[in-house]
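K.L.:
The following file, run_18.cif, comprises mmCIF, C-alpha atoms:
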```cif
data_coords
loop_
_atom_site.group_PDB
_atom_site.id
_atom_site.type_symbol
_atom_site.label_atom_id
_atom_site.label_comp_id
_atom_site.auth_asym_id
_atom_site.auth_seq_id
_atom_site.Cartn_x
_atom_site.Cartn_y
_atom_site.Cartn_z
ATOM 1 C CA MET A 29 -28.701 32.485 -29.011
ATOM 2 C CA LYS A 30 -29.500 28.762 -28.994
ATOM 3 C CA LYS A 31 -25.828 27.944 -29.643
ATOM 4 C CA GLN A 32 -24.745 30.146 -26.717
ATOM 5 C CA LEU A 33 -27.328 28.555 -24.446
ATOM 6 C CA LEU A 34 -26.277 25.064 -25.530
ATOM 7 C CA ALA A 35 -22.599 25.939 -25.056
ATOM 8 C CA SER A 36 -23.316 27.379 -21.583
ATOM 9 C CA ALA A 37 -25.325 24.279 -20.606
ATOM 10 C CA THR A 38 -22.548 21.990 -21.870
ATOM 11 C CA LEU A 39 -19.925 23.965 -19.955
ATOM 12 C CA LEU A 40 -22.042 23.886 -16.791
ATOM 13 C CA LEU A 41 -22.563 20.125 -17.115
ATOM 14 C CA ALA A 42 -18.850 19.550 -17.722
ATOM 15 C CA THR A 43 -17.907 21.746 -14.752
ATOM 16 C CA THR A 44 -20.440 20.000 -12.508
ATOM 17 C CA THR A 45 -19.243 16.563 -13.643
ATOM 18 C CA PHE A 46 -15.599 17.514 -13.124
ATOM 19 C CA GLN A 47 -16.362 18.834 -9.632
ATOM 20 C CA ALA A 48 -18.317 15.677 -8.744
ATOM 21 C CA VAL A 49 -15.388 13.489 -9.855
ATOM 22 C CA ALA A 50 -12.930 15.667 -7.893
ATOM 23 C CA ASP A 51 -15.170 15.441 -4.809
ATOM 24 C CA ASP A 52 -15.409 11.645 -5.185
ATOM 25 C CA MET A 53 -11.614 11.351 -5.521
ATOM 26 C CA ALA A 54 -11.077 13.462 -2.401
ATOM 27 C CA GLN A 55 -13.566 11.319 -0.490
ATOM 28 C CA TYR A 56 -12.003 8.059 -1.736
ATOM 29 C CA GLN A 57 -8.539 9.297 -0.816
ATOM 30 C CA GLU A 58 -9.625 10.283 2.689
ATOM 31 C CA GLU A 59 -11.333 6.906 3.173
ATOM 32 C CA SER A 60 -8.198 5.162 1.873
ATOM 33 C CA ARG A 61 -5.999 7.030 4.344
ATOM 34 C CA LYS A 62 -8.271 5.926 7.200
ATOM 35 C CA ILE A 63 -8.210 2.299 6.038
ATOM 36 C CA VAL A 64 -4.406 2.314 5.740
ATOM 37 C CA LYS A 65 -4.110 3.912 9.168
ATOM 38 C CA GLU A 66 -6.369 1.220 10.641
ATOM 39 C CA PHE A 67 -4.409 -1.564 8.942
ATOM 40 C CA ALA A 68 -1.003 -0.134 9.903
ATOM 41 C CA SER A 69 -2.102 0.485 13.486
ATOM 42 C CA GLN A 70 -3.392 -3.059 13.973
ATOM 43 C CA LEU A 71 -0.341 -4.591 12.320
ATOM 44 C CA GLY A 72 2.069 -2.358 14.254
ATOM 45 C CA GLY A 73 0.410 -3.249 17.564
ATOM 46 C CA GLU A 74 0.654 -6.966 16.846
ATOM 47 C CA MET A 75 4.260 -6.588 15.710
ATOM 48 C CA GLN A 76 5.287 -4.672 18.848
ATOM 49 C CA LYS A 77 3.586 -7.207 21.101
ATOM 50 C CA GLU A 78 5.320 -10.146 19.419
ATOM 51 C CA MET A 79 8.706 -8.401 19.286
ATOM 52 C CA LYS A 80 8.529 -7.810 23.054
ATOM 53 C CA ALA A 81 7.438 -11.363 23.785
ATOM 54 C CA ASN A 82 9.548 -13.393 21.340
ATOM 55 C CA GLY A 83 11.856 -11.081 19.400
ATOM 56 C CA PRO A 84 12.295 -10.950 15.627
ATOM 57 C CA VAL A 85 11.999 -14.717 15.081
ATOM 58 C CA GLY A 86 8.580 -14.679 16.758
ATOM 59 C CA ALA A 87 7.587 -11.574 14.820
ATOM 60 C CA ILE A 88 8.041 -13.370 11.496
ATOM 61 C CA LYS A 89 4.687 -15.076 12.071
ATOM 62 C CA VAL A 90 3.009 -11.674 12.443
ATOM 63 C CA CYS A 91 3.968 -10.744 8.885
ATOM 64 C CA ARG A 92 3.314 -14.281 7.642
ATOM 65 C CA ASP A 93 -0.024 -14.990 9.367
ATOM 66 C CA VAL A 94 -1.436 -11.935 11.113
ATOM 67 C CA ALA A 95 -0.892 -9.304 8.392
ATOM 68 C CA PRO A 96 -2.857 -11.243 5.734
ATOM 69 C CA THR A 97 -5.644 -11.853 8.253
ATOM 70 C CA ILE A 98 -5.843 -8.143 9.090
ATOM 71 C CA ALA A 99 -5.821 -7.261 5.365
ATOM 72 C CA SER A 100 -8.615 -9.757 4.731
ATOM 73 C CA GLU A 101 -10.734 -8.429 7.607
ATOM 74 C CA VAL A 102 -10.245 -4.806 6.530
ATOM 75 C CA SER A 103 -11.056 -5.755 2.921
ATOM 76 C CA ARG A 104 -14.289 -7.535 3.900
ATOM 77 C CA LYS A 105 -15.322 -4.704 6.203
ATOM 78 C CA ASN A 106 -14.917 -2.068 3.468
ATOM 79 C CA GLY A 107 -15.620 -4.049 0.312
ATOM 80 C CA TRP A 108 -12.246 -3.018 -1.118
ATOM 81 C CA ASN A 109 -9.131 -5.071 -1.790
ATOM 82 C CA VAL A 110 -6.542 -4.018 0.812
ATOM 83 C CA SER A 111 -3.026 -5.464 0.752
ATOM 84 C CA ARG A 112 0.696 -4.793 1.141
ATOM 85 C CA LYS A 113 2.906 -5.014 -1.923
ATOM 86 C CA SER A 114 6.621 -4.681 -2.570
ATOM 87 C CA LEU A 115 9.053 -4.777 -5.465
ATOM 88 C CA LYS A 116 11.194 -7.124 -3.331
ATOM 89 C CA VAL A 117 8.751 -9.902 -2.468
ATOM 90 C CA ARG A 118 9.153 -12.078 0.590
ATOM 91 C CA ASN A 119 6.023 -14.211 0.210
ATOM 92 C CA ALA A 120 4.971 -14.611 -3.421
ATOM 93 C CA ALA A 121 1.994 -16.732 -2.288
ATOM 94 C CA LEU A 122 0.389 -13.538 -0.954
ATOM 95 C CA GLY A 123 0.639 -11.948 -4.374
ATOM 96 C CA MET A 124 3.066 -10.142 -6.552
ATOM 97 C CA PRO A 125 2.504 -6.472 -7.302
ATOM 98 C CA ASP A 126 0.419 -5.971 -10.427
ATOM 99 C CA ALA A 127 1.576 -3.619 -13.212
ATOM 100 C CA TRP A 128 -0.072 -0.578 -11.598
ATOM 101 C CA GLU A 129 1.493 -1.308 -8.187
ATOM 102 C CA GLN A 130 4.925 -1.879 -9.764
ATOM 103 C CA LYS A 131 4.705 1.467 -11.544
ATOM 104 C CA VAL A 132 3.679 3.320 -8.373
ATOM 105 C CA LEU A 133 6.342 1.638 -6.224
ATOM 106 C CA SER A 134 9.001 2.474 -8.831
ATOM 107 C CA ASP A 135 7.776 6.063 -8.851
ATOM 108 C CA PHE A 136 8.002 6.162 -5.040
ATOM 109 C CA GLU A 137 11.654 5.101 -5.338
ATOM 110 C CA LYS A 138 12.319 8.049 -7.666
ATOM 111 C CA ARG A 139 10.415 10.471 -5.445
ATOM 112 C CA MET A 140 12.558 9.520 -2.412
ATOM 113 C CA GLU A 141 15.225 11.968 -3.556
ATOM 114 C CA LYS A 142 12.918 14.920 -2.871
ATOM 115 C CA GLU A 143 10.184 13.608 -0.554
ATOM 116 C CA ASN A 144 9.828 11.996 2.828
ATOM 117 C CA PRO A 145 8.698 8.385 2.199
ATOM 118 C CA ALA A 146 6.363 8.579 5.196
ATOM 119 C CA ASN A 147 4.236 11.101 3.279
ATOM 120 C CA MET A 148 4.232 9.423 -0.134
ATOM 121 C CA GLU A 149 0.932 8.343 -1.615
ATOM 122 C CA PHE A 150 -0.665 8.097 -5.027
ATOM 123 C CA ALA A 151 -4.263 7.663 -6.208
ATOM 124 C CA GLU A 152 -6.088 7.533 -9.509
ATOM 125 C CA VAL A 153 -9.049 5.990 -11.296
ATOM 126 C CA VAL A 154 -8.019 3.323 -13.794
ATOM 127 C CA THR A 155 -9.890 1.309 -16.388
ATOM 128 C CA GLU A 156 -8.976 -2.361 -16.489
ATOM 129 C CA PRO A 157 -10.530 -5.276 -18.406
ATOM 130 C CA GLN A 158 -12.729 -6.001 -15.349
ATOM 131 C CA GLY A 159 -13.999 -2.405 -15.155
ATOM 132 C CA LYS A 160 -13.170 0.923 -13.499
ATOM 133 C CA PHE A 161 -11.319 1.026 -10.207
ATOM 134 C CA TYR A 162 -10.099 3.600 -7.737
ATOM 135 C CA ARG A 163 -6.467 2.700 -6.933
ATOM 136 C CA TYR A 164 -4.491 4.032 -3.975
ATOM 137 C CA MET A 165 -1.055 3.298 -2.596
ATOM 138 C CA LYS A 166 0.737 4.602 0.504
ATOM 139 C CA ALA A 167 4.483 4.022 0.893
ATOM 140 C CA ILE A 168 5.827 1.953 3.793
ATOM 141 C CA PRO A 169 9.193 3.390 4.842
ATOM 142 C CA VAL A 170 11.792 1.122 6.468
ATOM 143 C CA GLN A 171 12.084 1.785 10.197
ATOM 144 C CA ASP A 172 14.652 0.490 12.715
ATOM 145 C CA VAL A 173 12.495 -2.470 13.714
ATOM 146 C CA CYS A 174 12.094 -3.520 10.046
ATOM 147 C CA LEU A 175 15.856 -3.953 9.709
ATOM 148 C CA LYS A 176 15.827 -6.891 12.136
ATOM 149 C CA CYS A 177 14.243 -9.015 9.370
ATOM 150 C CA HIS A 178 14.611 -6.915 6.221
ATOM 151 C CA GLY A 179 18.077 -5.396 6.689
ATOM 152 C CA GLY A 180 21.440 -6.409 5.329
ATOM 153 C CA ASP A 181 23.745 -9.122 6.611
ATOM 154 C CA ASP A 182 25.047 -6.779 9.295
ATOM 155 C CA THR A 183 21.596 -6.096 10.826
ATOM 156 C CA VAL A 184 19.833 -9.483 10.594
ATOM 157 C CA ALA A 185 20.816 -11.908 13.362
ATOM 158 C CA PRO A 186 21.868 -15.445 12.360
ATOM 159 C CA ASN A 187 18.842 -17.079 14.038
ATOM 160 C CA VAL A 188 16.525 -14.690 12.166
ATOM 161 C CA LYS A 189 18.257 -15.518 8.870
ATOM 162 C CA GLU A 190 17.728 -19.225 9.557
ATOM 163 C CA ALA A 191 14.035 -18.713 10.390
ATOM 164 C CA LEU A 192 13.510 -16.580 7.277
ATOM 165 C CA LYS A 193 15.264 -19.137 5.070
ATOM 166 C CA ALA A 194 13.034 -21.889 6.458
ATOM 167 C CA GLU A 195 9.825 -19.856 5.980
ATOM 168 C CA TYR A 196 10.737 -18.081 2.744
ATOM 169 C CA PRO A 197 13.294 -19.993 0.660
ATOM 170 C CA HIS A 198 12.875 -17.504 -2.241
ATOM 171 C CA ASP A 199 12.974 -14.360 -0.086
ATOM 172 C CA LYS A 200 13.944 -11.159 -1.914
ATOM 173 C CA ALA A 201 12.950 -8.721 0.848
ATOM 174 C CA THR A 202 16.325 -8.107 2.474
ATOM 175 C CA GLY A 203 19.155 -5.637 2.112
ATOM 176 C CA TYR A 204 17.120 -2.576 3.053
ATOM 177 C CA THR A 205 18.515 0.415 4.910
ATOM 178 C CA LEU A 206 16.783 2.883 7.180
ATOM 179 C CA GLY A 207 14.463 5.260 5.324
ATOM 180 C CA GLN A 208 14.136 3.243 2.124
ATOM 181 C CA ILE A 209 10.716 2.198 0.898
ATOM 182 C CA ARG A 210 9.876 -1.362 1.899
ATOM 183 C CA GLY A 211 6.677 -1.409 -0.166
ATOM 184 C CA GLY A 212 3.230 0.070 0.038
ATOM 185 C CA PHE A 213 -0.266 -0.388 1.330
ATOM 186 C CA SER A 214 -2.403 -0.926 -1.745
ATOM 187 C CA ILE A 215 -6.143 -0.362 -2.111
ATOM 188 C CA LYS A 216 -8.300 -1.286 -5.089
ATOM 189 C CA ARG A 217 -11.925 -0.187 -5.027
ATOM 190 C CA PRO A 218 -14.395 -1.129 -7.772
ATOM 191 C CA LEU A 219 -16.387 1.795 -9.127
#
```
What is this file in structure tokens?

P.N.:
Amino acid sequence: MKKQLLASATLLLATTTFQAVADDMAQYQEESRKIVKEFASQLGGEMQKEMKANGPVGAIKVCRDVAPTIASEVSRKNGWNVSRKSLKVRNAALGMPDAWEQKVLSDFEKRMEKENPANMEFAEVVTEPQGKFYRYMKAIPVQDVCLKCHGGDDTVAPNVKEALKAEYPHDKATGYTLGQIRGGFSIKRPL
């Protein structure tokens, strides 16, 4: 009888713990989606404004200066590390993708065959030397406007190429086509 009671208590505790972790993950994922939406909305608004005013050459400074500022503000506001990462880096000074981000971005590339990149996301809890973290990434699909600076030779104007070469002499973030994955919004939350 004691063994059955102990087994039932252990099962109940395990079930309760599992449910609490699942609830936390769902909450973290929902919060992450809101943060990414906020970041993307602010960045998109700034990009549209600059594209209208000064075209693609002017918009380069939005990605170079405004995007990191928005990411920093959103990170401070939430206490999480919020950034954009890509396998084809334009500005290495803003950070290369870590091993986890590389793995997720590579997986997104594979998933493109069967999924719409606009809906791709991935989240998990990971243990790293610094502790436990909730990690989340949302794919950034290439849109028409992206091709003006990230497209191939046929879609990037000569003056844009010159401006990019001056700003980013080691640029790897070109050659994309519509619908590919440019990178991802990445969130790292300490637990």

K.L.:
Expanded to explicit residues, what is the PyMOL selection byres ((chain A and resi 122) around 10) for this file, as a PyMOL selection string?

P.N.:
chain A and resi 92+96+111-113+117-121+123-125

K.L.:
Would you save the residues of that selection, restricted to C-alpha atoms, as a PDB file, keeping the file's coordinate frame?

P.N.:
```pdb
ATOM      1  CA  ARG A  92       3.314 -14.281   7.642  1.00  0.00           C
ATOM      2  CA  PRO A  96      -2.857 -11.243   5.734  1.00  0.00           C
ATOM      3  CA  SER A 111      -3.026  -5.464   0.752  1.00  0.00           C
ATOM      4  CA  ARG A 112       0.696  -4.793   1.141  1.00  0.00           C
ATOM      5  CA  LYS A 113       2.906  -5.014  -1.923  1.00  0.00           C
ATOM      6  CA  VAL A 117       8.751  -9.902  -2.468  1.00  0.00           C
ATOM      7  CA  ARG A 118       9.153 -12.078   0.590  1.00  0.00           C
ATOM      8  CA  ASN A 119       6.023 -14.211   0.210  1.00  0.00           C
ATOM      9  CA  ALA A 120       4.971 -14.611  -3.421  1.00  0.00           C
ATOM     10  CA  ALA A 121       1.994 -16.732  -2.288  1.00  0.00           C
ATOM     11  CA  GLY A 123       0.639 -11.948  -4.374  1.00  0.00           C
ATOM     12  CA  MET A 124       3.066 -10.142  -6.552  1.00  0.00           C
ATOM     13  CA  PRO A 125       2.504  -6.472  -7.302  1.00  0.00           C
TER      14      PRO A 125
END
```

K.L.:
Under the rule that only C-alpha atoms are counted, which of A:Ala127, A:Val64, A:Ile88, A:Val110 is the nearest residue to Ala167 of chain A?

P.N.:
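Closest candidate: A:Val64.
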
K.L.:
Could you list, as a PyMOL selection string, every residue within 12 Å of Lys131 of chain A, counting only C-alpha atoms and ignoring same-chain residues fewer than 3 positions away?

P.N.:
chain A and resi 113-115+125-128+134-138+150+165+211-212

K.L.:
Where does the PyMOL selection byres ((chain A and resi 66) around 12) land in this file, that is, which residues does it pick, as a list in words?

P.N.:
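Taken on the displayed file, the PyMOL selection byres ((chain A and resi 66) around 12) yields the residues Glu59, Ser60, Arg61, Lys62, Ile63, Val64, Lys65, Phe67, Ala68, Ser69, Gln70, Leu71, Gly72, Gly73, Ile98, Ala99, Glu101, Val102, Ser103, Lys105, Asn106, Val110 and Phe213 of chain A.
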
K.L.:
Considering all atoms listed in the file, return as a list in words whatever protein or nucleic-acid residues lie within 7 Å of Val90 of chain A, sequence-local ones (same chain, fewer than 5 positions apart) excluded.

P.N.:
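Result of the neighbour search: Glu74, Met75 and Ala95 of chain A.
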
K.L.:
What is the distance, in Å and to one decimal place, between atom CA of Gly159 of chain A and atom CA of Leu219 of chain A?

P.N.:
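Those two atoms sit 7.7 Å apart.
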
K.L.:
Closest to Glu129 of chain A among A:Glu152, A:Glu58, A:Glu195, A:Glu143, using all atoms listed in the file?

P.N.:
A:Glu152

K.L.:
Give as a list in words the set of residues within 9 Å of the point (-11.2, 6.9, -1.7), where distances use the file's coordinates and only C-alpha atoms.

P.N.:
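I get Asp52, Met53, Ala54, Gln55, Tyr56, Gln57, Glu58, Glu59, Ser60, Arg61, Ala151, Tyr162, Arg163, Tyr164, Ile215 and Arg217 of chain A for the residues within 9 Å of that point.
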
K.L.:
Return the single residue from A:Glu78, A:Phe161, A:Thr155, A:Tyr204 that is closest to Trp108 of chain A, with distances computed using all atoms listed in the file.

P.N.:
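Ranked by minimum distance to Trp108 of chain A, first place goes to A:Phe161.
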
K.L.:
Measure the distance from atom CA of Pro169 of chain A to atom CA of Thr205 of chain A in Å and round it to one decimal.

P.N.:
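Distance reported for this atom pair: 9.8 Å.
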
K.L.:
Fewer than 4 positions away in the same chain doesn't count, so skip those; otherwise give me all residues within 8 Å of Gln171 of chain A, counting all atoms listed in the file, as a PyMOL selection string.

P.N.:
chain A and resi 175+206-207

K.L.:
The selected residues should be written to file as a JSON list (two decimals), in the frame of the given file (atoms: C-alpha atoms).

P.N.:
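In the end it all went to again_4.json:
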```json
[["chain", "number", "residue", "atom", "x", "y", "z"],
["A", 175, "LEU", "CA", 15.86, -3.95, 9.71],
["A", 206, "LEU", "CA", 16.78, 2.88, 7.18],
["A", 207, "GLY", "CA", 14.46, 5.26, 5.32]]
```

K.L.:
Find the distance between atom CA of Cys174 of chain A and atom CA of His198 of chain A and write it in Å to one decimal.

P.N.:
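Atom-to-atom, atom CA of Cys174 of chain A and atom CA of His198 of chain A are spaced 18.6 Å apart.
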
K.L.:
Which of these residues is nearest to Gln130 of chain A, using only C-alpha atoms: A:Gln32, A:Val184, A:Asn82, A:Ser214?

P.N.:
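Of the candidates, the smallest distance to Gln130 of chain A is held by A:Ser214.
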